[in-house]
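Structure data (mmCIF, C-alpha atoms) from final25.cif:
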```
data_model
#
loop_
_atom_site.label_atom_id
_atom_site.label_comp_id
_atom_site.auth_asym_id
_atom_site.auth_seq_id
_atom_site.Cartn_x
_atom_site.Cartn_y
_atom_site.Cartn_z
CA MET A 168 81.87 47.28 75.32
CA ALA A 169 82.69 50.40 73.38
CA SER A 170 84.40 49.83 70.09
CA MET A 171 88.14 50.15 69.75
CA ARG A 172 87.84 53.14 67.48
CA GLU A 173 85.58 54.95 69.90
CA ILE A 174 87.94 54.41 72.78
CA LYS A 175 90.86 55.56 70.73
CA ARG A 176 89.09 58.72 69.71
CA ARG A 177 88.09 59.49 73.24
CA ARG A 178 91.62 58.98 74.44
CA GLY A 179 92.94 61.32 71.79
CA SER A 180 90.54 64.07 72.75
CA ILE A 181 91.37 63.75 76.41
CA GLN A 182 95.03 63.80 75.60
CA SER A 183 94.72 67.10 73.76
CA THR A 184 92.68 68.51 76.63
CA GLN A 185 95.43 67.46 78.94
CA GLN A 186 97.96 69.27 76.82
CA ILE A 187 95.93 72.44 77.11
CA THR A 188 95.50 72.18 80.86
CA LYS A 189 99.20 71.47 81.22
CA ALA A 190 100.09 74.55 79.21
CA MET A 191 97.62 76.66 81.18
CA LYS A 192 99.13 75.45 84.39
CA LEU A 193 102.59 76.50 83.25
CA VAL A 194 101.34 79.90 82.17
CA ALA A 195 99.55 80.39 85.48
CA THR A 196 102.69 79.40 87.36
CA VAL A 197 104.78 82.00 85.59
CA LYS A 198 102.12 84.66 86.02
CA LEU A 199 101.79 83.74 89.65
CA GLN A 200 105.48 84.35 90.25
CA LYS A 201 105.20 87.81 88.77
CA ALA A 202 101.97 88.66 90.54
CA ARG A 203 103.30 87.45 93.85
CA GLN A 204 106.39 89.59 93.46
CA ARG A 205 104.21 92.60 92.85
CA ALA A 206 102.02 91.85 95.81
CA GLU A 207 105.05 91.54 98.02
CA ASN A 208 106.68 94.70 96.69
CA SER A 209 103.61 96.70 97.44
CA LYS A 210 103.28 95.52 101.03
CA PRO A 211 105.49 98.16 102.75
CA TYR A 212 103.48 100.95 101.16
CA PHE A 213 100.19 99.64 102.51
CA GLN A 214 101.51 98.86 105.91
CA TYR A 215 102.76 102.40 106.23
CA MET A 216 99.60 103.85 104.82
CA TYR A 217 97.51 101.85 107.23
CA LYS A 218 99.69 102.78 110.17
CA THR A 219 99.60 106.47 109.41
CA VAL A 220 95.88 106.60 108.82
CA THR A 221 95.10 104.64 111.95
CA SER A 222 97.42 106.67 114.13
CA MET A 223 95.88 109.82 112.79
CA LEU A 224 92.36 108.57 113.38
CA ALA A 225 93.27 107.51 116.89
CA LYS A 226 94.15 111.13 117.50
CA ALA A 227 91.30 112.61 115.59
CA GLY A 228 88.71 110.04 116.60
CA THR A 229 86.21 112.63 117.69
CA VAL A 230 86.35 114.64 114.52
CA ASP A 231 82.99 114.87 112.81
CA HIS A 232 83.87 113.98 109.26
CA PRO A 233 81.59 112.19 106.78
CA TYR A 234 84.35 109.71 105.99
CA LEU A 235 84.20 108.55 109.60
CA LYS A 236 80.48 108.84 110.19
CA GLY A 237 78.98 107.06 107.24
CA GLY A 238 76.69 108.46 104.62
CA SER A 239 73.00 109.12 104.92
CA SER A 240 72.04 106.45 102.41
CA ASP A 241 71.36 102.92 103.57
CA ARG A 242 72.61 101.50 100.30
CA VAL A 243 76.00 99.92 100.28
CA GLY A 244 78.56 99.94 97.51
CA ILE A 245 80.58 96.78 97.05
CA VAL A 246 83.67 96.60 94.92
CA VAL A 247 83.80 93.06 93.57
CA ILE A 248 87.13 91.87 92.27
CA THR A 249 87.10 88.77 90.09
CA SER A 250 88.88 87.64 86.95
CA ASN A 251 88.02 87.99 83.29
CA ARG A 252 88.71 84.37 82.54
CA GLY A 253 87.35 81.21 84.04
CA LEU A 254 89.01 77.86 84.58
CA ALA A 255 90.30 78.90 87.95
CA GLY A 256 88.44 76.48 90.18
CA GLY A 257 86.16 78.14 92.68
CA TYR A 258 87.97 81.46 92.54
CA ASN A 259 85.18 83.50 90.98
CA SER A 260 82.18 81.73 92.41
CA ASN A 261 83.59 82.03 95.91
CA ILE A 262 83.57 85.81 95.60
CA ALA A 263 80.05 85.78 94.17
CA LYS A 264 78.90 83.60 97.05
CA LEU A 265 80.57 85.89 99.54
CA VAL A 266 78.69 88.88 98.18
CA GLN A 267 75.39 86.99 98.25
CA ALA A 268 76.01 85.85 101.80
CA SER A 269 76.91 89.35 102.97
CA GLY A 270 73.41 89.88 104.32
CA TYR A 271 72.54 92.93 102.25
CA ALA A 272 69.35 92.81 100.23
CA LYS A 273 69.88 92.96 96.48
CA GLU A 274 67.99 96.23 96.20
CA ASN A 275 70.32 97.90 98.64
CA VAL A 276 73.52 96.95 96.94
CA ARG A 277 75.35 98.72 94.17
CA LEU A 278 78.22 96.86 92.65
CA TYR A 279 81.42 98.26 91.21
CA THR A 280 82.82 95.23 89.51
CA VAL A 281 86.33 94.59 88.38
CA GLY A 282 86.57 91.51 86.18
CA LYS A 283 84.02 90.03 83.82
CA LYS A 284 83.18 86.82 85.64
CA GLY A 285 81.87 88.44 88.79
CA THR A 286 79.90 90.97 86.76
CA ASP A 287 78.15 88.23 84.81
CA MET A 288 77.45 86.02 87.78
CA LEU A 289 76.04 88.72 90.01
CA SER A 290 74.07 90.66 87.43
CA ARG A 291 72.40 87.38 86.48
CA LYS A 292 71.39 87.05 90.10
CA GLY A 293 69.71 90.43 89.93
CA TYR A 294 72.28 92.75 91.45
CA GLU A 295 72.65 96.28 90.17
CA VAL A 296 76.01 96.90 88.60
CA ALA A 297 76.80 100.60 88.80
CA GLU A 298 80.04 100.39 86.90
CA ASN A 299 82.15 97.65 85.41
CA TYR A 300 85.90 97.77 84.91
CA PRO A 301 86.84 94.60 83.01
CA ASP A 302 90.26 95.74 81.81
CA VAL A 303 91.67 96.72 85.15
CA ILE A 304 92.36 93.23 86.38
CA GLU A 305 94.53 92.34 83.38
CA GLU A 306 97.28 94.65 84.53
CA PRO A 307 96.22 96.68 87.54
CA THR A 308 97.95 100.02 87.94
CA PHE A 309 97.81 102.55 90.70
CA GLU A 310 96.10 104.91 88.30
CA ASP A 311 93.24 102.41 87.88
CA ALA A 312 92.82 102.25 91.63
CA ARG A 313 92.77 106.02 91.81
CA LYS A 314 90.04 106.31 89.20
CA LEU A 315 87.89 103.76 90.97
CA SER A 316 88.37 105.37 94.36
CA GLU A 317 87.50 108.78 92.92
CA ARG A 318 84.26 107.37 91.61
CA LEU A 319 83.48 105.64 94.89
CA LEU A 320 84.14 108.72 96.99
CA GLN A 321 82.06 110.82 94.65
CA ASP A 322 79.08 108.50 95.04
CA PHE A 323 79.71 108.39 98.76
CA THR A 324 79.79 112.17 99.07
CA ASN A 325 76.68 112.52 96.90
CA GLY A 326 74.83 110.24 99.28
CA GLU A 327 74.22 107.48 96.75
CA ILE A 328 75.92 104.93 98.93
CA GLY A 329 76.36 104.99 102.67
CA GLU A 330 79.04 102.37 103.09
CA ILE A 331 81.73 100.93 100.90
CA TYR A 332 83.07 97.40 101.00
CA VAL A 333 85.53 95.58 98.85
CA ALA A 334 85.23 91.85 98.14
CA TYR A 335 88.45 90.27 96.94
CA THR A 336 90.55 87.17 97.39
CA GLU A 337 93.40 87.49 99.83
CA PHE A 338 96.60 85.78 98.81
CA LYS A 339 98.01 83.91 101.79
CA ASN A 340 100.33 81.62 99.88
CA THR A 341 100.35 79.60 96.70
CA VAL A 342 97.68 77.18 97.85
CA VAL A 343 95.66 79.23 100.33
CA HIS A 344 93.47 82.02 99.03
CA ILE A 345 90.79 83.49 101.22
CA PRO A 346 87.78 85.33 99.84
CA LYS A 347 87.33 88.39 101.98
CA MET A 348 85.05 91.35 102.38
CA VAL A 349 86.62 94.45 103.89
CA LYS A 350 84.96 97.67 104.93
CA LEU A 351 86.51 100.70 103.29
CA LEU A 352 84.29 103.51 104.43
CA PRO A 353 83.26 104.84 106.84
CA ILE A 354 86.36 104.12 108.82
CA ASP A 355 85.28 103.09 112.24
CA ALA A 356 87.36 105.10 114.66
CA ASP A 357 86.61 102.77 117.57
CA GLU A 358 87.72 99.69 115.71
CA VAL A 359 90.84 101.43 114.59
CA GLN A 360 91.67 102.61 118.07
CA GLU A 361 91.50 99.12 119.43
CA GLU A 362 93.93 97.88 116.85
CA THR A 363 96.39 100.67 117.33
CA SER A 364 96.39 100.27 121.07
CA GLN A 365 97.94 96.88 120.54
CA ALA A 366 100.45 98.33 118.13
CA ASN A 367 103.93 99.47 118.84
CA ASP A 368 104.20 101.38 122.12
CA MET A 369 107.14 103.34 120.82
CA ASP A 370 105.00 104.88 118.15
CA LYS A 371 102.48 105.97 120.69
CA LEU A 372 105.08 107.78 122.72
CA THR A 373 106.09 110.06 119.90
CA LEU A 374 103.50 112.73 119.65
CA MET A 375 102.77 113.18 115.98
CA ASN A 376 101.83 116.58 114.65
CA PHE A 377 99.70 117.04 111.61
CA GLU A 378 99.82 119.72 109.04
CA PRO A 379 97.25 120.70 107.92
CA SER A 380 95.01 120.04 110.91
CA GLU A 381 93.54 116.57 111.45
CA GLU A 382 90.18 117.45 109.91
CA GLU A 383 91.70 118.67 106.69
CA ALA A 384 94.24 115.92 106.65
CA ILE A 385 91.49 113.31 106.87
CA GLY A 386 89.85 114.77 103.80
CA LEU A 387 93.14 114.55 101.92
CA LEU A 388 94.41 111.28 103.30
CA VAL A 389 91.31 109.10 103.16
CA PRO A 390 91.12 109.11 99.36
CA LYS A 391 94.76 108.01 99.27
CA TYR A 392 93.98 105.38 101.86
CA VAL A 393 91.05 104.03 99.83
CA THR A 394 93.14 104.05 96.67
CA SER A 395 95.95 102.13 98.26
CA ILE A 396 93.63 99.51 99.74
CA LEU A 397 92.02 99.04 96.36
CA TYR A 398 95.37 98.70 94.67
CA GLY A 399 96.46 96.20 97.28
CA ALA A 400 93.27 94.24 96.70
CA PHE A 401 93.92 94.26 92.95
CA VAL A 402 97.41 92.88 93.14
CA GLU A 403 96.45 90.26 95.70
CA ALA A 404 93.47 89.23 93.62
CA VAL A 405 95.66 88.77 90.56
CA ALA A 406 98.06 86.61 92.54
CA SER A 407 95.17 84.58 93.95
CA GLU A 408 93.60 84.16 90.54
CA ASN A 409 96.74 82.70 89.09
CA GLY A 410 97.30 80.56 92.14
CA ALA A 411 93.76 79.21 91.90
CA ARG A 412 94.12 78.57 88.20
CA MET A 413 97.41 76.81 88.71
CA GLN A 414 95.82 74.49 91.24
CA ALA A 415 92.73 73.87 89.13
CA MET A 416 94.79 73.10 86.06
CA ASP A 417 97.11 70.87 88.03
CA SER A 418 94.27 68.70 89.22
CA ALA A 419 92.69 68.75 85.75
CA THR A 420 95.94 67.47 84.28
CA ASN A 421 96.09 64.74 86.90
CA ASN A 422 92.50 63.73 86.27
CA ALA A 423 93.13 63.57 82.55
CA GLU A 424 96.11 61.32 83.22
CA GLU A 425 93.90 58.99 85.23
CA ILE A 426 91.24 58.82 82.55
CA ILE A 427 93.86 58.19 79.88
CA ASN A 428 95.27 55.28 81.87
CA ASP A 429 91.81 53.87 82.30
CA LEU A 430 91.04 54.20 78.61
CA GLU A 431 94.37 52.68 77.68
CA LEU A 432 93.43 49.59 79.68
CA LYS A 433 89.98 49.41 78.11
CA TYR A 434 91.48 49.83 74.66
CA ASN A 435 93.93 46.99 75.18
CA ARG A 436 91.18 44.76 76.48
CA ALA A 437 89.00 45.55 73.48
CA ARG A 438 91.92 44.85 71.16
CA GLN A 439 92.60 41.54 72.85
CA GLY A 440 88.91 40.68 72.65
CA ALA A 441 88.82 41.47 68.96
CA ILE A 442 91.90 39.33 68.22
CA THR A 443 90.51 36.41 70.19
CA GLN A 444 87.23 36.68 68.37
CA GLU A 445 88.94 36.78 65.00
CA LEU A 446 91.02 33.71 65.85
CA THR A 447 87.98 31.82 67.00
CA GLU A 448 86.24 32.68 63.77
CA ILE A 449 89.19 31.56 61.64
CA ILE A 450 89.53 28.30 63.53
CA ALA A 451 85.82 27.68 63.31
CA GLY A 452 85.94 28.39 59.57
CA ALA A 453 88.90 26.03 59.05
CA ASP A 454 87.08 23.36 61.01
CA ALA A 455 84.01 23.72 58.82
CA ILE A 456 86.06 23.35 55.62
CA GLY A 457 88.19 20.50 56.95
CA MET B 182 130.57 109.56 113.92
CA ALA B 183 130.49 111.26 110.62
CA ASP B 184 126.85 110.60 110.04
CA ASN B 185 125.74 112.35 113.20
CA ASN B 186 123.63 114.78 111.33
CA MET B 187 122.15 112.24 108.93
CA PHE B 188 118.63 110.96 109.03
CA GLU B 189 117.29 107.77 107.54
CA LEU B 190 115.15 108.34 104.48
CA LYS B 191 112.77 106.00 102.79
CA ILE B 192 110.68 106.75 99.75
CA ILE B 193 108.07 104.08 99.19
CA GLU B 194 106.01 103.64 96.06
CA PRO B 195 103.05 101.28 95.65
CA ASP B 196 105.32 99.13 93.49
CA GLY B 197 108.03 98.88 96.07
CA MET B 198 110.87 100.78 97.68
CA PHE B 199 111.97 103.69 95.53
CA PHE B 200 114.80 105.00 97.68
CA GLU B 201 116.34 103.90 100.90
CA GLY B 202 119.33 105.71 102.32
CA GLU B 203 120.54 108.65 104.34
CA GLY B 204 120.37 112.39 103.97
CA GLU B 205 121.35 115.57 105.76
CA PHE B 206 118.68 117.84 104.47
CA LEU B 207 115.47 117.28 102.58
CA GLU B 208 113.51 119.76 100.51
CA PHE B 209 109.95 119.24 99.35
CA THR B 210 106.63 120.99 98.83
CA SER B 211 103.72 120.20 101.07
CA VAL B 212 100.17 121.45 100.74
CA GLU B 213 101.17 124.21 103.16
CA GLY B 214 104.17 125.36 101.14
CA GLN B 215 107.82 124.61 100.65
CA MET B 216 109.62 122.94 103.47
CA GLY B 217 113.12 121.89 104.36
CA VAL B 218 113.90 119.35 107.02
CA TYR B 219 117.07 118.54 108.95
CA LYS B 220 117.57 115.78 111.45
CA ASN B 221 115.75 116.13 114.79
CA HIS B 222 112.76 117.86 113.32
CA ILE B 223 109.64 117.62 115.45
CA PRO B 224 107.45 114.65 114.49
CA LEU B 225 105.18 115.78 111.72
CA THR B 226 102.93 114.23 109.13
CA THR B 227 101.96 116.30 106.17
CA ILE B 228 100.56 115.88 102.69
CA LEU B 229 102.83 116.33 99.70
CA GLU B 230 102.05 118.20 96.56
CA PRO B 231 103.37 116.77 93.32
CA CYS B 232 106.84 118.28 93.56
CA VAL B 233 110.57 117.86 93.23
CA VAL B 234 112.13 116.33 96.31
CA ARG B 235 115.78 117.23 96.85
CA ILE B 236 117.86 114.95 98.99
CA HIS B 237 121.08 116.56 100.22
CA ALA B 238 123.72 114.11 101.34
CA ASN B 239 127.52 114.31 101.48
CA GLY B 240 127.61 117.51 99.47
CA GLU B 241 125.53 115.98 96.69
CA VAL B 242 121.98 116.72 95.78
CA LYS B 243 119.67 114.08 94.40
CA LYS B 244 116.48 115.15 92.71
CA ALA B 245 113.37 113.06 92.35
CA ALA B 246 109.93 113.91 91.03
CA VAL B 247 107.36 112.76 93.54
CA MET B 248 103.73 112.66 92.48
CA GLY B 249 101.84 113.42 95.63
CA GLY B 250 101.48 111.31 98.69
CA PHE B 251 102.46 112.14 102.21
CA ILE B 252 105.49 112.40 104.38
CA GLU B 253 106.04 111.26 107.91
CA ILE B 254 108.86 112.99 109.71
CA GLN B 255 110.37 111.61 112.89
CA LYS B 256 113.53 112.67 114.63
CA GLU B 257 115.84 110.29 112.88
CA ARG B 258 113.61 108.83 110.27
CA ILE B 259 111.70 110.28 107.36
CA THR B 260 109.30 108.26 105.29
CA ILE B 261 107.69 109.46 102.11
CA LEU B 262 104.75 107.52 100.76
CA ALA B 263 104.61 108.55 97.13
CA GLU B 264 101.95 107.59 94.66
CA ASP B 265 104.62 107.62 92.02
CA ALA B 266 108.25 108.66 92.07
CA ASN B 267 110.83 109.08 89.31
CA TRP B 268 114.49 109.92 89.03
CA PRO B 269 115.20 112.68 86.50
CA GLU B 270 116.68 110.23 84.00
CA GLU B 271 113.48 108.20 84.00
CA ILE B 272 111.33 111.11 83.01
CA ASP B 273 110.04 111.52 79.49
CA VAL B 274 110.22 115.30 79.18
CA GLU B 275 108.31 115.43 75.92
CA ARG B 276 105.46 113.50 77.43
CA ALA B 277 105.42 115.67 80.52
CA LYS B 278 105.35 118.80 78.35
CA ALA B 279 102.48 117.44 76.32
CA ALA B 280 100.61 116.61 79.52
CA LYS B 281 101.24 120.11 80.80
CA GLN B 282 99.85 121.63 77.64
CA ARG B 283 96.78 119.44 77.75
CA ALA B 284 96.09 120.36 81.35
CA GLU B 285 96.57 124.08 80.69
CA GLU B 286 94.27 123.88 77.71
CA ARG B 287 91.56 122.25 79.75
CA LEU B 288 91.86 124.77 82.54
CA ARG B 289 91.74 127.67 80.11
CA LYS B 290 88.69 126.48 78.23
CA LYS B 291 86.74 125.72 81.38
CA GLU B 292 84.30 123.46 79.59
CA ALA B 293 81.21 122.24 81.37
CA GLY B 294 81.81 119.17 83.47
CA LEU B 295 85.50 119.95 83.82
CA ASN B 296 87.05 118.40 86.86
CA VAL B 297 89.14 121.38 87.91
CA VAL B 298 90.80 119.56 90.78
CA ARG B 299 91.90 116.78 88.51
CA ALA B 300 93.14 119.06 85.76
CA GLU B 301 95.10 121.08 88.29
CA ALA B 302 96.59 117.95 89.77
CA ALA B 303 97.61 116.81 86.29
CA LEU B 304 99.22 120.19 85.66
CA LYS B 305 101.14 120.04 88.92
CA ARG B 306 102.36 116.56 88.18
CA ALA B 307 103.56 117.57 84.73
CA MET B 308 105.34 120.63 86.11
CA ALA B 309 107.03 118.61 88.82
CA ARG B 310 108.30 116.15 86.25
CA ILE B 311 109.60 118.88 83.97
CA SER B 312 111.43 120.73 86.71
CA ALA B 313 112.96 117.54 88.05
CA ALA B 314 114.30 116.62 84.64
CA LYS B 315 116.00 120.00 84.13
#
```

Would you kindly transcribe this structure into structure tokens?
Amino acid sequence: MASMREIKRRRGSIQSTQQITKAMKLVATVKLQKARQRAENSKPYFQYMYKTVTSMLAKAGTVDHPYLKGGSSDRVGIVVITSNRGLAGGYNSNIAKLVQASGYAKENVRLYTVGKKGTDMLSRKGYEVAENYPDVIEEPTFEDARKLSERLLQDFTNGEIGEIYVAYTEFKNTVVHIPKMVKLLPIDADEVQEETSQANDMDKLTLMNFEPSEEEAIGLLVPKYVTSILYGAFVEAVASENGARMQAMDSATNNAEEIINDLELKYNRARQGAITQELTEIIAGADAIG
Amino acid sequence: MADNNMFELKIIEPDGMFFEGEGEFLEFTSVEGQMGVYKNHIPLTTILEPCVVRIHANGEVKKAAVMGGFIEIQKERITILAEDANWPEEIDVERAKAAKQRAEERLRKKEAGLNVVRAEAALKRAMARISAAK
């Protein structure tokens, strides 16, 4: 049996770990509240953006625009959104796994990574990281999303990448976060049409006019569309990250509690054993003298 | 009904709802030029320039600097999706002026690798902010 001192030391170290995990859980909870508020506030904007773009594409489905056709290159660009810090359960590795399971060969993928963890994990696996934006995820702003989308569209127009995806974690609720990979470009007019046909009939009845013409409007609107999807992915990812961390730290705190209880029991047993042994020795000694 | 000639107006920012209310007449600048809209306008979607949006309602005019985005006009409902929107009192005029100067400088020098579109957009944004704050 381990010595009393050893058990005591072990218990102390686990206790201080538990304090840390507890504090981290509290911090994540507070951050989650904020991040969730932001994600919710931004929802109307994206819904409207999506609706407008889809209704426009439904009308202009036959327009021959590179944003709708896909680039000439067979390489794909993937925006990977992860966190800068670990200790969030499977949050980061789930995204990395998703990218690896996407079915694209490593050589054909260029990554635009947001967040340090994903960058490290995937570049170690041999993926090419075109650009890394570690600071963005700390406090994502719309401006950050705009810069990234500008870069993406530039590479897309230059023919360096033919398709653009974004891999992020969707925030369903506090305990459910779903890693997801969404296609940004080219926008598939057929897919979009199907979705809009199920949409509100009222909207279909009003004949929307566009100014400038659809072709021009697509060129102007699509960058905004990409930006807003990226921004939406950022804020959801932040909420998911904190949700995941909160859960991970909660179970870590619980596990620490369990181990502490276990050690407490062992410690008491060892103490009892030591006392018994001492008594036996004293009695034996007294017997020998007497 | 007194509000017969009023339309519903929503200005939405990525961070949430910026303005929700009613108006009689709306002025803004689209990529095609300046426009004014009353109720019962034909349905129209157009792209906004960074500009000052003026909301006329009950004899009052509200100004807001809107940094690009687009506008969807329906008979009784107008929705502006703005990338960023500010009321005049929220605008830091000094900062906007500095931004304007920077953008002008860049456009004048025409250095190699200058992103003209971006510099122009920055200039427009700064000018919209300044004129909204006046």

In Å, with one decimal, what is the gap from CA of Ala195 (chain A) to CA of Arg412 (chain A)?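 Interatomic distance here is 6.3 Å.
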
Can you translate the PyMOL selection byres ((chain B) within 7 of (chain A)) into the concrete residues it hits in this file, as a count of residues only? 10

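Residues of protein, DNA or RNA having at least one counted atom within 6 Å of (107.0, 118.1, 100.3), given all atoms listed in the file, are Phe209, Thr210, Ser211 and Leu229 of chain B.
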
Contacts of region 283-291 of chain A at 7 Å or less, counting all atoms listed in the file, minus same-chain residues fewer than 6 places along, as a PDB file with C-alpha atoms, in the frame of the given file?
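New file around05.pdb:
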```pdb
ATOM      1  CA  VAL A 247      83.800  93.060  93.570  1.00  0.00           C
ATOM      2  CA  THR A 249      87.100  88.770  90.090  1.00  0.00           C
ATOM      3  CA  SER A 250      88.880  87.640  86.950  1.00  0.00           C
ATOM      4  CA  ASN A 251      88.020  87.990  83.290  1.00  0.00           C
ATOM      5  CA  ARG A 252      88.710  84.370  82.540  1.00  0.00           C
ATOM      6  CA  ASN A 259      85.180  83.500  90.980  1.00  0.00           C
ATOM      7  CA  ALA A 263      80.050  85.780  94.170  1.00  0.00           C
ATOM      8  CA  PRO A 301      86.840  94.600  83.010  1.00  0.00           C
TER       9      PRO A 301
END
```

Nearest to Tyr294 (chain A) by atom-to-atom distance, counting all atoms listed in the file, from A:Lys273, A:Lys175, A:Lys314, A:Arg242: A:Lys273

Applying 12 Å and only C-alpha atoms, which residues near Glu301 (chain B) remain after dropping the ones on its own chain fewer than 2 positions away? List them as a list of chain:residue names.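 Returned residues: B:Glu230, B:Pro231, B:Ala280, B:Lys281, B:Gln282, B:Arg283, B:Ala284, B:Glu285, B:Glu286, B:Arg287, B:Leu288, B:Arg289, B:Lys291, B:Leu295, B:Asn296, B:Val297, B:Val298, B:Arg299, B:Ala303, B:Leu304, B:Lys305, B:Arg306, B:Ala307, B:Met308.
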
Excluding same-chain residues fewer than 2 positions from Ala246 (chain B), what lies within 12 Å of it counting all atoms listed in the file, as a ChimeraX atom specification? /B:192,199,208-210,229-236,243-244,248-250,263-274,277,305-315

Which value, in Å to one decimal, gives the distance between CA of Thr184 (chain A) and CA of Gln439 (chain A)?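 Those two atoms sit 27.2 Å apart.
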